[in-house]
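Raw contents of protein19.cif, mmCIF, C-alpha atoms:
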```
data_final
#
loop_
_atom_site.label_atom_id
_atom_site.label_comp_id
_atom_site.auth_asym_id
_atom_site.auth_seq_id
_atom_site.Cartn_x
_atom_site.Cartn_y
_atom_site.Cartn_z
CA MET I 574 0.00 0.00 0.00
CA ALA I 575 1.36 3.37 -1.01
CA THR I 576 2.06 5.74 1.82
CA ASN I 577 0.25 9.02 2.10
CA LYS I 578 1.96 12.15 0.87
CA ARG I 579 2.70 15.22 2.90
CA ALA I 580 2.35 18.88 2.12
CA THR I 581 3.58 21.66 4.32
CA VAL I 582 2.19 25.17 4.27
CA PHE I 583 3.87 28.24 5.72
CA VAL I 584 1.68 31.28 6.33
CA SER I 585 3.18 34.64 7.19
CA LEU I 586 2.01 38.22 7.32
CA LYS I 587 2.72 40.17 4.15
CA ASP I 588 5.73 42.45 4.18
CA GLY I 589 4.70 45.70 5.76
CA VAL I 590 1.87 44.24 7.86
CA LEU I 591 2.53 44.89 11.53
CA ASP I 592 3.52 41.72 13.40
CA PRO I 593 3.25 42.64 17.09
CA GLN I 594 4.25 39.13 18.17
CA GLY I 595 7.41 39.28 16.09
CA VAL I 596 8.26 42.70 17.50
CA THR I 597 7.76 41.49 21.06
CA ILE I 598 9.89 38.39 20.48
CA GLN I 599 12.66 40.51 18.96
CA LYS I 600 12.64 42.83 21.98
CA ALA I 601 12.88 39.82 24.29
CA LEU I 602 15.83 38.48 22.32
CA ALA I 603 17.60 41.83 22.55
CA GLN I 604 17.08 41.85 26.32
CA MET I 605 18.47 38.33 26.52
CA GLY I 606 21.69 39.43 24.83
CA TYR I 607 20.85 38.30 21.30
CA GLY I 608 20.85 41.79 19.85
CA GLU I 609 22.20 40.64 16.49
CA PHE I 610 18.73 39.32 15.62
CA VAL I 611 17.36 42.67 14.61
CA SER I 612 13.98 41.55 13.29
CA VAL I 613 11.62 38.64 13.92
CA ARG I 614 8.55 37.82 11.84
CA SER I 615 6.20 35.19 13.21
CA GLY I 616 4.04 32.87 11.16
CA LYS I 617 2.09 29.63 11.07
CA PHE I 618 3.03 26.20 9.87
CA PHE I 619 0.61 23.48 8.75
CA GLU I 620 1.33 19.86 7.86
CA LEU I 621 -1.27 18.24 5.62
CA GLU I 622 -1.41 14.52 5.02
CA VAL I 623 -2.67 13.72 1.53
CA GLU I 624 -4.19 10.45 0.32
CA ALA I 625 -1.62 8.43 -1.57
CA SER I 626 -4.10 8.02 -4.41
CA ALA I 627 -4.58 11.76 -4.89
CA GLY I 628 -3.20 13.05 -8.16
CA ASP I 629 -1.60 16.42 -8.63
CA ILE I 630 -2.81 18.41 -5.63
CA GLY I 631 -1.18 21.69 -6.62
CA GLN I 632 -4.37 23.51 -7.49
CA ARG I 633 -6.36 22.01 -4.62
CA ILE I 634 -3.80 23.02 -2.07
CA ASP I 635 -3.68 26.54 -3.49
CA GLU I 636 -7.44 26.71 -2.95
CA VAL I 637 -7.06 25.44 0.60
CA CYS I 638 -4.45 28.10 1.32
CA SER I 639 -6.22 31.06 -0.23
CA ARG I 640 -9.70 30.13 1.03
CA LEU I 641 -8.88 29.05 4.56
CA LEU I 642 -5.33 28.72 5.81
CA ALA I 643 -4.29 32.25 4.83
CA ASN I 644 -6.19 35.51 4.63
CA PRO I 645 -4.88 36.82 1.30
CA ILE I 646 -5.60 40.41 2.36
CA ILE I 647 -2.87 40.37 4.99
CA GLU I 648 -1.02 37.06 4.60
CA ASP I 649 1.20 35.23 2.12
CA TYR I 650 1.66 31.47 1.97
CA ARG I 651 4.24 29.06 0.66
CA VAL I 652 3.67 25.36 -0.02
CA GLU I 653 6.18 22.52 -0.03
CA HIS I 654 5.10 19.09 -1.19
CA MET Z 351 -40.00 43.46 12.96
CA LYS Z 352 -37.78 40.51 13.75
CA PHE Z 353 -34.11 40.27 14.62
CA GLY Z 354 -32.03 37.12 14.18
CA VAL Z 355 -28.95 36.54 16.35
CA VAL Z 356 -26.52 33.95 15.02
CA THR Z 357 -25.02 31.51 17.50
CA PHE Z 358 -21.70 29.96 16.52
CA PRO Z 359 -19.90 27.51 18.80
CA GLY Z 360 -17.95 29.95 20.98
CA SER Z 361 -20.28 32.92 20.60
CA ASN Z 362 -20.66 34.47 24.04
CA CYS Z 363 -22.54 37.72 23.44
CA ASP Z 364 -25.50 36.09 21.74
CA TYR Z 365 -27.64 36.11 24.90
CA ASP Z 366 -26.71 39.72 25.69
CA THR Z 367 -27.71 40.73 22.18
CA TYR Z 368 -30.92 38.71 22.38
CA ALA Z 369 -31.78 40.35 25.72
CA ALA Z 370 -31.02 43.85 24.43
CA VAL Z 371 -33.37 43.38 21.48
CA ARG Z 372 -36.15 41.54 23.28
CA PHE Z 373 -36.28 43.16 26.70
CA ILE Z 374 -34.90 46.65 26.13
CA LEU Z 375 -35.71 47.43 22.51
CA GLY Z 376 -38.86 45.34 22.78
CA GLU Z 377 -38.74 43.61 19.41
CA GLU Z 378 -39.06 40.01 18.34
CA VAL Z 379 -35.79 38.10 18.21
CA GLU Z 380 -34.70 34.53 17.50
CA PHE Z 381 -31.41 32.67 17.77
CA LEU Z 382 -30.09 31.33 14.46
CA TRP Z 383 -27.97 28.19 14.89
CA HIS Z 384 -24.76 28.10 12.85
CA LYS Z 385 -25.69 24.79 11.23
CA SER Z 386 -29.03 26.10 10.06
CA SER Z 387 -29.62 27.38 6.55
CA ASP Z 388 -32.70 29.34 7.52
CA LEU Z 389 -32.77 32.96 8.70
CA ALA Z 390 -36.27 32.31 10.15
CA GLY Z 391 -37.76 35.36 8.52
CA SER Z 392 -35.36 37.79 10.20
CA ASP Z 393 -35.47 41.39 9.01
CA VAL Z 394 -32.11 42.14 10.62
CA VAL Z 395 -29.32 39.64 11.25
CA ILE Z 396 -26.76 40.21 14.00
CA LEU Z 397 -23.48 38.32 14.27
CA PRO Z 398 -22.62 38.62 17.97
CA GLY Z 399 -19.34 38.84 19.80
CA GLY Z 400 -17.40 35.94 21.20
CA PHE Z 401 -14.78 33.51 20.02
CA SER Z 402 -16.44 31.56 17.25
CA TYR Z 403 -14.73 28.20 16.77
CA GLY Z 404 -12.27 29.23 19.47
CA ASP Z 405 -10.74 31.85 17.16
CA TYR Z 406 -8.76 28.92 15.71
CA LEU Z 407 -6.61 29.83 12.70
CA ARG Z 408 -7.79 33.47 12.64
CA ALA Z 409 -10.72 35.17 14.33
CA GLY Z 410 -13.80 34.50 12.17
CA ALA Z 411 -11.93 32.32 9.67
CA ILE Z 412 -13.85 29.10 10.36
CA ALA Z 413 -17.22 30.69 11.11
CA ARG Z 414 -17.42 32.18 7.63
CA PHE Z 415 -17.85 28.69 6.14
CA SER Z 416 -20.76 27.68 8.37
CA PRO Z 417 -24.11 26.99 6.67
CA ILE Z 418 -25.82 29.99 8.24
CA MET Z 419 -23.18 32.33 6.82
CA GLN Z 420 -23.98 31.30 3.26
CA GLU Z 421 -27.53 32.52 3.95
CA VAL Z 422 -26.29 35.70 5.64
CA VAL Z 423 -24.20 36.50 2.55
CA ARG Z 424 -27.22 35.98 0.30
CA PHE Z 425 -29.35 38.12 2.62
CA ALA Z 426 -26.78 40.94 2.68
CA GLU Z 427 -26.27 40.87 -1.07
CA ALA Z 428 -30.02 41.26 -1.48
CA GLY Z 429 -29.88 44.40 0.67
CA GLY Z 430 -30.73 42.90 4.06
CA ILE Z 431 -29.46 44.66 7.18
CA VAL Z 432 -26.55 42.83 8.83
CA ILE Z 433 -24.64 43.92 11.94
CA GLY Z 434 -21.41 42.28 13.06
CA ILE Z 435 -20.31 43.09 16.58
CA CYS Z 436 -16.72 42.38 17.64
CA ASN Z 437 -16.18 38.74 16.57
CA GLY Z 438 -19.12 39.30 14.21
CA PHE Z 439 -17.16 42.14 12.58
CA GLN Z 440 -14.20 39.78 12.16
CA VAL Z 441 -16.48 37.19 10.53
CA LEU Z 442 -17.85 39.82 8.14
CA THR Z 443 -14.36 40.78 6.96
CA GLU Z 444 -13.34 37.13 6.58
CA VAL Z 445 -16.41 36.33 4.50
CA GLY Z 446 -15.86 39.41 2.36
CA LEU Z 447 -19.04 41.36 3.21
CA LEU Z 448 -16.82 44.10 4.62
CA PRO Z 449 -13.43 45.20 3.28
CA GLY Z 450 -10.13 44.85 5.08
CA ALA Z 451 -8.94 42.77 8.00
CA LEU Z 452 -8.71 43.00 11.77
CA ILE Z 453 -5.36 42.06 13.23
CA ARG Z 454 -3.90 41.70 16.71
CA ASN Z 455 -4.12 44.83 18.86
CA SER Z 456 -0.91 46.76 18.35
CA HIS Z 457 -0.03 46.54 22.06
CA LEU Z 458 -0.81 42.78 22.07
CA ARG Z 459 -3.11 43.04 25.07
CA PHE Z 460 -6.77 42.19 25.28
CA ALA Z 461 -8.58 45.52 25.61
CA CYS Z 462 -11.68 45.53 27.82
CA LYS Z 463 -12.91 48.99 28.74
CA GLN Z 464 -15.36 51.78 28.11
CA THR Z 465 -14.63 53.79 24.97
CA THR Z 466 -15.93 56.97 23.41
CA LEU Z 467 -17.08 56.72 19.80
CA ARG Z 468 -17.72 59.58 17.44
CA VAL Z 469 -20.60 59.10 15.02
CA GLU Z 470 -19.30 60.17 11.61
CA ARG Z 471 -22.63 60.06 9.77
CA SER Z 472 -26.23 60.31 10.87
CA ASP Z 473 -27.70 59.49 7.45
CA THR Z 474 -27.30 55.72 7.76
CA ARG Z 475 -29.63 52.90 8.76
CA PHE Z 476 -27.58 52.44 11.92
CA THR Z 477 -27.23 56.01 13.16
CA SER Z 478 -30.35 57.90 12.09
CA GLY Z 479 -31.14 58.41 15.77
CA CYS Z 480 -27.78 60.07 16.40
CA ASP Z 481 -26.36 63.43 15.43
CA LYS Z 482 -23.31 63.66 13.21
CA GLY Z 483 -20.37 64.15 15.55
CA GLU Z 484 -22.29 62.81 18.55
CA LEU Z 485 -20.21 60.97 21.12
CA LEU Z 486 -21.37 57.53 22.30
CA THR Z 487 -20.06 55.67 25.33
CA ILE Z 488 -19.85 51.99 24.39
CA PRO Z 489 -17.45 49.33 25.74
CA ILE Z 490 -14.96 47.19 23.88
CA ALA Z 491 -13.61 43.73 24.71
CA HIS Z 492 -11.23 42.30 22.13
CA GLY Z 493 -7.72 41.17 21.36
CA GLU Z 494 -7.89 41.52 17.59
CA GLY Z 495 -9.65 44.75 16.72
CA ASN Z 496 -6.87 46.57 14.95
CA TYR Z 497 -8.45 47.55 11.63
CA TYR Z 498 -5.54 47.18 9.33
CA ASP Z 499 -4.80 49.63 6.60
CA PHE Z 500 -3.10 47.69 3.88
CA ARG Z 501 -1.54 49.97 1.27
CA GLY Z 502 -3.83 52.88 1.95
CA ASP Z 503 -7.16 51.10 1.52
CA ILE Z 504 -8.48 53.18 4.41
CA ASP Z 505 -8.31 56.30 2.24
CA GLU Z 506 -10.88 54.79 -0.09
CA LEU Z 507 -13.20 54.02 2.84
CA GLU Z 508 -12.80 57.57 4.13
CA ARG Z 509 -13.60 59.05 0.71
CA SER Z 510 -16.71 56.95 0.34
CA GLY Z 511 -17.94 57.72 3.85
CA GLN Z 512 -17.77 54.11 5.02
CA VAL Z 513 -16.13 54.90 8.35
CA LEU Z 514 -19.12 55.18 10.67
CA PHE Z 515 -17.57 55.13 14.17
CA ARG Z 516 -14.19 56.32 15.37
CA PHE Z 517 -12.47 56.02 18.76
CA VAL Z 518 -12.01 59.52 20.17
CA ASP Z 519 -11.17 61.19 23.46
CA ALA Z 520 -13.73 62.76 25.78
CA THR Z 521 -13.73 65.96 23.74
CA GLY Z 522 -14.33 64.14 20.47
CA GLU Z 523 -10.79 64.45 19.15
CA VAL Z 524 -9.08 61.61 17.29
CA THR Z 525 -5.91 60.96 19.30
CA SER Z 526 -3.52 58.04 19.55
CA GLU Z 527 -4.27 57.82 23.29
CA ALA Z 528 -7.95 57.29 22.48
CA ASN Z 529 -7.11 54.48 20.05
CA PRO Z 530 -7.43 51.26 22.07
CA ASN Z 531 -6.04 48.83 19.51
CA GLY Z 532 -3.97 50.57 16.85
CA SER Z 533 -6.74 50.78 14.24
CA ALA Z 534 -6.02 52.85 11.16
CA ASN Z 535 -7.49 56.35 11.59
CA ASN Z 536 -8.98 55.19 14.93
CA VAL Z 537 -11.62 53.16 13.06
CA ALA Z 538 -14.16 51.51 15.38
CA GLY Z 539 -16.86 50.61 12.86
CA ILE Z 540 -17.33 50.56 9.08
CA LEU Z 541 -20.10 50.14 6.53
CA ASN Z 542 -20.08 48.23 3.27
CA SER Z 543 -20.39 50.36 0.13
CA LYS Z 544 -24.16 49.82 -0.09
CA GLY Z 545 -24.66 50.84 3.53
CA ASN Z 546 -26.64 47.79 4.65
CA VAL Z 547 -23.83 45.97 6.46
CA LEU Z 548 -22.17 47.36 9.61
CA GLY Z 549 -19.18 45.95 11.43
CA MET Z 550 -18.08 47.42 14.75
CA MET Z 551 -15.67 46.32 17.47
CA PRO Z 552 -17.50 48.03 20.38
CA HIS Z 553 -20.48 46.24 21.96
CA PRO Z 554 -23.69 48.28 21.71
CA GLU Z 555 -25.63 45.41 23.35
CA ARG Z 556 -23.60 46.01 26.51
CA ALA Z 557 -24.70 49.65 26.63
CA VAL Z 558 -28.49 49.55 26.57
CA GLU Z 559 -29.38 50.58 30.15
CA GLU Z 560 -28.03 53.20 32.52
CA ILE Z 561 -27.29 50.48 35.06
CA LEU Z 562 -24.75 49.06 32.59
CA GLY Z 563 -22.88 52.36 32.58
CA SER Z 564 -24.41 53.70 29.39
CA ASP Z 565 -27.49 53.30 27.25
CA ASP Z 566 -25.93 54.85 24.15
CA GLY Z 567 -25.84 51.52 22.36
CA LEU Z 568 -29.62 51.50 22.31
CA LYS Z 569 -29.49 54.40 19.84
CA ILE Z 570 -28.03 52.04 17.26
CA PHE Z 571 -30.74 49.43 17.79
CA LYS Z 572 -33.43 52.11 17.67
CA SER Z 573 -31.97 53.55 14.48
CA VAL Z 574 -32.11 50.14 12.84
CA ARG Z 575 -35.73 49.76 13.86
CA ALA Z 576 -36.56 53.19 12.49
CA ALA Z 577 -34.79 52.36 9.23
CA PHE Z 578 -36.87 49.25 8.89
CA ALA Z 579 -40.12 51.04 9.66
CA THR Z 580 -39.48 53.71 7.05
CA PRO Z 581 -37.83 52.48 3.86
CA HIS Z 582 -34.69 54.46 3.26
CA PRO Z 583 -34.78 57.28 0.72
CA ALA Z 584 -32.71 56.59 -2.37
CA GLY Z 585 -29.23 57.99 -2.24
CA GLN Z 586 -28.73 57.47 1.45
CA ALA Z 587 -26.65 54.73 2.94
#
```
Translate this structure into structure tokens?
Amino acid sequence: MATNKRATVFVSLKDGVLDPQGVTIQKALAQMGYGEFVSVRSGKFFELEVEASAGDIGQRIDEVCSRLLANPIIEDYRVEH
Amino acid sequence: MKFGVVTFPGSNCDYDTYAAVRFILGEEVEFLWHKSSDLAGSDVVILPGGFSYGDYLRAGAIARFSPIMQEVVRFAEAGGIVIGICNGFQVLTEVGLLPGALIRNSHLRFACKQTTLRVERSDTRFTSGCDKGELLTIPIAHGEGNYYDFRGDIDELERSGQVLFRFVDATGEVTSEANPNGSANNVAGILNSKGNVLGMMPHPERAVEEILGSDDGLKIFKSVRAAFATPHPAGQA
């Protein structure tokens, strides 16, 4: 039996969209003595398991990302599969 | 007239909204379950505050796909009056009935306090009982109410008069101190371009009796009732 495939999706705020979590993490790092990390952007990571029998899922996963996993108004996504 | 209040799993202001309409405004009201595809003859639909679907993924992101929302979209597109309060506002932006997005408060903290709103227009279905420039005392309670201005989209809303409520100080001035969440131009509530859909972060249902600290929110409910009783003249929002 073929094993299921995996797709990973990374969602992040678009460049220029305020990321208060990233800013707060960066400030904490600076306080901890890691001042060389001058910027932090936070994001989300999703791992999707895909039926082995599924064909080319490229378009389907794009739909999943733009309709649900990311809000295209403020977020970008990147898929690896 | 009849109000419908949508209940999603995680809604927590649905009973407050129901009570405000039924016991204070004195109109008929019915809960609309998220799995239902029937608005039960509602003349006005309210999406209440809360944490629909636990705010998983993004606030409002999952709720927008519920069966009842497909009906709410149809209702709004046909000109029906829809009000999204707090989480309801987030759902309305996610489903595309209102432009833009609400992101994390700029200071990262949950903001729960009384705020002063300035009414920017009195010629709308939601504010006909207010004066332009009138100040309303209505509380907020949210962690993600920062109306985000992506690439200057807010300018378009300002030009078209879609900004209905703004956070201001006690004298009615727009200041950064009066902005509780970092919203662009101190936005607290916006209309869609047709003027039949309102989204607002403050909770008018929590300000309907003096004993609650303010009854200014009742003006919004009364305005909606008046708008329904007298069909709106063409050309007005």
>> as a PyMOL selection string, could you give me every residue of chain I near chain Z (at most 10 Å apart, counting all atoms listed in the file)?
In response: chain I and resi 587+589-594+597+617+640-647
>> Give me the residues near Z:Val558 as a PyMOL selection string, where near means some atom within 10 Å (using all atoms listed in the file) and where sequence neighbours in that chain fewer than 4 positions away do not count.
In response: chain Z and resi 367+369-371+374-375+488+553-554+562-571
>> So the first atom is atom CA of Z:Gly522 and the second is atom CA of Z:Val469; what is the distance between them in Å, to one decimal place?
In response: 9.7 Å
> the PyMOL selection byres ((chain I and resi 618) around 8) on the file shown: which residues, as a ChimeraX atom specification?
Replying inline: /I:581-584,616-617,619-620
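Distances from Z:Leu485, Z:Ile435, Z:Met351, Z:Leu507 to Z:Val524 were compared using only C-alpha atoms, and the smallest one belongs to Z:Leu485.
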> Residues around (-27.4, 48.2, 3.0), cut-off 6 Å, counting all atoms listed in the file - what are they as a ChimeraX atom specification?
Replying inline: /Z:429,431,544-547
> Which polymer residues, protein or nucleic acid, are no farther than 8 Å from (14.7, 39.8, 19.4), counting only C-alpha atoms, as a list of chain:residue names?
Replying inline: I:Val596, I:Thr597, I:Ile598, I:Gln599, I:Lys600, I:Ala601, I:Leu602, I:Ala603, I:Gln604, I:Tyr607, I:Gly608, I:Phe610, I:Val611, I:Ser612, I:Val613
> Within 12 Å of I:Ala625, counting all atoms listed in the file, which residues qualify if same-chain residues fewer than 5 places away don't, as a list in words?
Replying inline: Met574, Ala575, Thr576, Asn577, Lys578, Arg579, Ala580 and Ile630 of chain I
> atom CA of Z:Asp481 and atom CA of Z:Phe353 are how many Å apart?
Replying inline: 24.4 Å
Pull out every residue that the PyMOL selection byres ((chain Z and resi 519) around 9) matches in the shown coordinates and put them as a PDB file with C-alpha atoms, keeping the file's coordinate frame.
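Saved to selection_1.pdb:
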```pdb
ATOM      1  CA  THR Z 465     -14.630  53.790  24.970  1.00  0.00           C
ATOM      2  CA  THR Z 466     -15.930  56.970  23.410  1.00  0.00           C
ATOM      3  CA  LEU Z 467     -17.080  56.720  19.800  1.00  0.00           C
ATOM      4  CA  PHE Z 517     -12.470  56.020  18.760  1.00  0.00           C
ATOM      5  CA  VAL Z 518     -12.010  59.520  20.170  1.00  0.00           C
ATOM      6  CA  ALA Z 520     -13.730  62.760  25.780  1.00  0.00           C
ATOM      7  CA  THR Z 521     -13.730  65.960  23.740  1.00  0.00           C
ATOM      8  CA  GLY Z 522     -14.330  64.140  20.470  1.00  0.00           C
ATOM      9  CA  GLU Z 523     -10.790  64.450  19.150  1.00  0.00           C
ATOM     10  CA  VAL Z 524      -9.080  61.610  17.290  1.00  0.00           C
ATOM     11  CA  THR Z 525      -5.910  60.960  19.300  1.00  0.00           C
ATOM     12  CA  GLU Z 527      -4.270  57.820  23.290  1.00  0.00           C
ATOM     13  CA  ALA Z 528      -7.950  57.290  22.480  1.00  0.00           C
ATOM     14  CA  ASN Z 529      -7.110  54.480  20.050  1.00  0.00           C
TER      15      ASN Z 529
END
```
Because some atoms of stretch 642-652 of chain I are absent here, can you restore all heavy atoms and send them as an mmCIF file, in the coordinates of the input?
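Wrote it out as out_31.cif, contents follow:
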```cif
data_model
loop_
_atom_site.group_PDB
_atom_site.id
_atom_site.type_symbol
_atom_site.label_atom_id
_atom_site.label_comp_id
_atom_site.auth_asym_id
_atom_site.auth_seq_id
_atom_site.Cartn_x
_atom_site.Cartn_y
_atom_site.Cartn_z
ATOM 1 N N LEU I 642 -6.517 28.664 4.945
ATOM 2 C CA LEU I 642 -5.330 28.720 5.810
ATOM 3 C C LEU I 642 -4.735 30.116 5.898
ATOM 4 O O LEU I 642 -4.202 30.508 6.937
ATOM 5 C CB LEU I 642 -4.265 27.723 5.302
ATOM 6 C CG LEU I 642 -4.675 26.252 5.359
ATOM 7 C CD1 LEU I 642 -3.517 25.363 4.919
ATOM 8 C CD2 LEU I 642 -5.128 25.868 6.762
ATOM 9 N N ALA I 643 -4.818 30.886 4.807
ATOM 10 C CA ALA I 643 -4.290 32.250 4.830
ATOM 11 C C ALA I 643 -5.409 33.234 4.502
ATOM 12 O O ALA I 643 -6.356 32.897 3.800
ATOM 13 C CB ALA I 643 -3.160 32.392 3.819
ATOM 14 N N ASN I 644 -5.313 34.417 5.045
ATOM 15 C CA ASN I 644 -6.190 35.510 4.630
ATOM 16 C C ASN I 644 -5.400 36.343 3.628
ATOM 17 O O ASN I 644 -4.502 37.090 4.010
ATOM 18 C CB ASN I 644 -6.601 36.361 5.831
ATOM 19 C CG ASN I 644 -7.475 37.537 5.421
ATOM 20 O OD1 ASN I 644 -7.563 37.871 4.246
ATOM 21 N ND2 ASN I 644 -8.115 38.164 6.393
ATOM 22 N N PRO I 645 -5.722 36.206 2.329
ATOM 23 C CA PRO I 645 -4.880 36.820 1.300
ATOM 24 C C PRO I 645 -4.783 38.349 1.418
ATOM 25 O O PRO I 645 -3.897 38.950 0.827
ATOM 26 C CB PRO I 645 -5.585 36.438 -0.009
ATOM 27 C CG PRO I 645 -6.433 35.266 0.327
ATOM 28 C CD PRO I 645 -6.840 35.459 1.763
ATOM 29 N N ILE I 646 -5.675 38.953 2.207
ATOM 30 C CA ILE I 646 -5.600 40.410 2.360
ATOM 31 C C ILE I 646 -4.355 40.802 3.152
ATOM 32 O O ILE I 646 -3.721 41.807 2.867
ATOM 33 C CB ILE I 646 -6.866 40.938 3.064
ATOM 34 C CG1 ILE I 646 -8.085 40.703 2.173
ATOM 35 C CG2 ILE I 646 -6.734 42.427 3.397
ATOM 36 C CD1 ILE I 646 -9.414 41.047 2.835
ATOM 37 N N ILE I 647 -3.994 39.986 4.125
ATOM 38 C CA ILE I 647 -2.870 40.370 4.990
ATOM 39 C C ILE I 647 -1.758 39.324 5.035
ATOM 40 O O ILE I 647 -0.694 39.586 5.581
ATOM 41 C CB ILE I 647 -3.345 40.627 6.449
ATOM 42 C CG1 ILE I 647 -4.219 39.471 6.945
ATOM 43 C CG2 ILE I 647 -4.072 41.949 6.564
ATOM 44 C CD1 ILE I 647 -4.534 39.523 8.434
ATOM 45 N N GLU I 648 -2.004 38.129 4.450
ATOM 46 C CA GLU I 648 -1.020 37.060 4.600
ATOM 47 C C GLU I 648 -0.569 36.482 3.256
ATOM 48 O O GLU I 648 -1.330 36.468 2.288
ATOM 49 C CB GLU I 648 -1.604 35.918 5.461
ATOM 50 C CG GLU I 648 -1.866 36.326 6.911
ATOM 51 C CD GLU I 648 -2.619 35.270 7.712
ATOM 52 O OE1 GLU I 648 -3.491 34.579 7.139
ATOM 53 O OE2 GLU I 648 -2.340 35.147 8.910
ATOM 54 N N ASP I 649 0.669 35.996 3.248
ATOM 55 C CA ASP I 649 1.200 35.230 2.120
ATOM 56 C C ASP I 649 1.346 33.774 2.564
ATOM 57 O O ASP I 649 1.424 33.502 3.765
ATOM 58 C CB ASP I 649 2.584 35.742 1.714
ATOM 59 C CG ASP I 649 2.503 37.093 1.028
ATOM 60 O OD1 ASP I 649 1.531 37.322 0.277
ATOM 61 O OD2 ASP I 649 3.414 37.916 1.243
ATOM 62 N N TYR I 650 1.403 32.861 1.599
ATOM 63 C CA TYR I 650 1.660 31.470 1.970
ATOM 64 C C TYR I 650 2.656 30.850 0.994
ATOM 65 O O TYR I 650 2.840 31.323 -0.123
ATOM 66 C CB TYR I 650 0.361 30.658 1.997
ATOM 67 C CG TYR I 650 -0.354 30.571 0.653
ATOM 68 C CD1 TYR I 650 -0.013 29.584 -0.277
ATOM 69 C CD2 TYR I 650 -1.372 31.468 0.339
ATOM 70 C CE1 TYR I 650 -0.667 29.508 -1.489
ATOM 71 C CE2 TYR I 650 -2.028 31.390 -0.887
ATOM 72 C CZ TYR I 650 -1.664 30.412 -1.796
ATOM 73 O OH TYR I 650 -2.296 30.337 -3.010
ATOM 74 N N ARG I 651 3.272 29.802 1.473
ATOM 75 C CA ARG I 651 4.240 29.060 0.660
ATOM 76 C C ARG I 651 3.988 27.588 0.925
ATOM 77 O O ARG I 651 3.748 27.188 2.079
ATOM 78 C CB ARG I 651 5.647 29.465 1.112
ATOM 79 C CG ARG I 651 6.789 28.809 0.375
ATOM 80 C CD ARG I 651 8.085 29.578 0.655
ATOM 81 N NE ARG I 651 8.415 29.646 2.073
ATOM 82 C CZ ARG I 651 9.019 28.655 2.735
ATOM 83 N NH1 ARG I 651 9.330 27.528 2.120
ATOM 84 N NH2 ARG I 651 9.299 28.793 4.021
ATOM 85 N N VAL I 652 3.989 26.789 -0.141
ATOM 86 C CA VAL I 652 3.670 25.360 -0.020
ATOM 87 C C VAL I 652 4.897 24.541 -0.406
ATOM 88 O O VAL I 652 5.576 24.858 -1.376
ATOM 89 C CB VAL I 652 2.495 24.979 -0.953
ATOM 90 C CG1 VAL I 652 2.149 23.496 -0.788
ATOM 91 C CG2 VAL I 652 1.279 25.848 -0.676
#
```
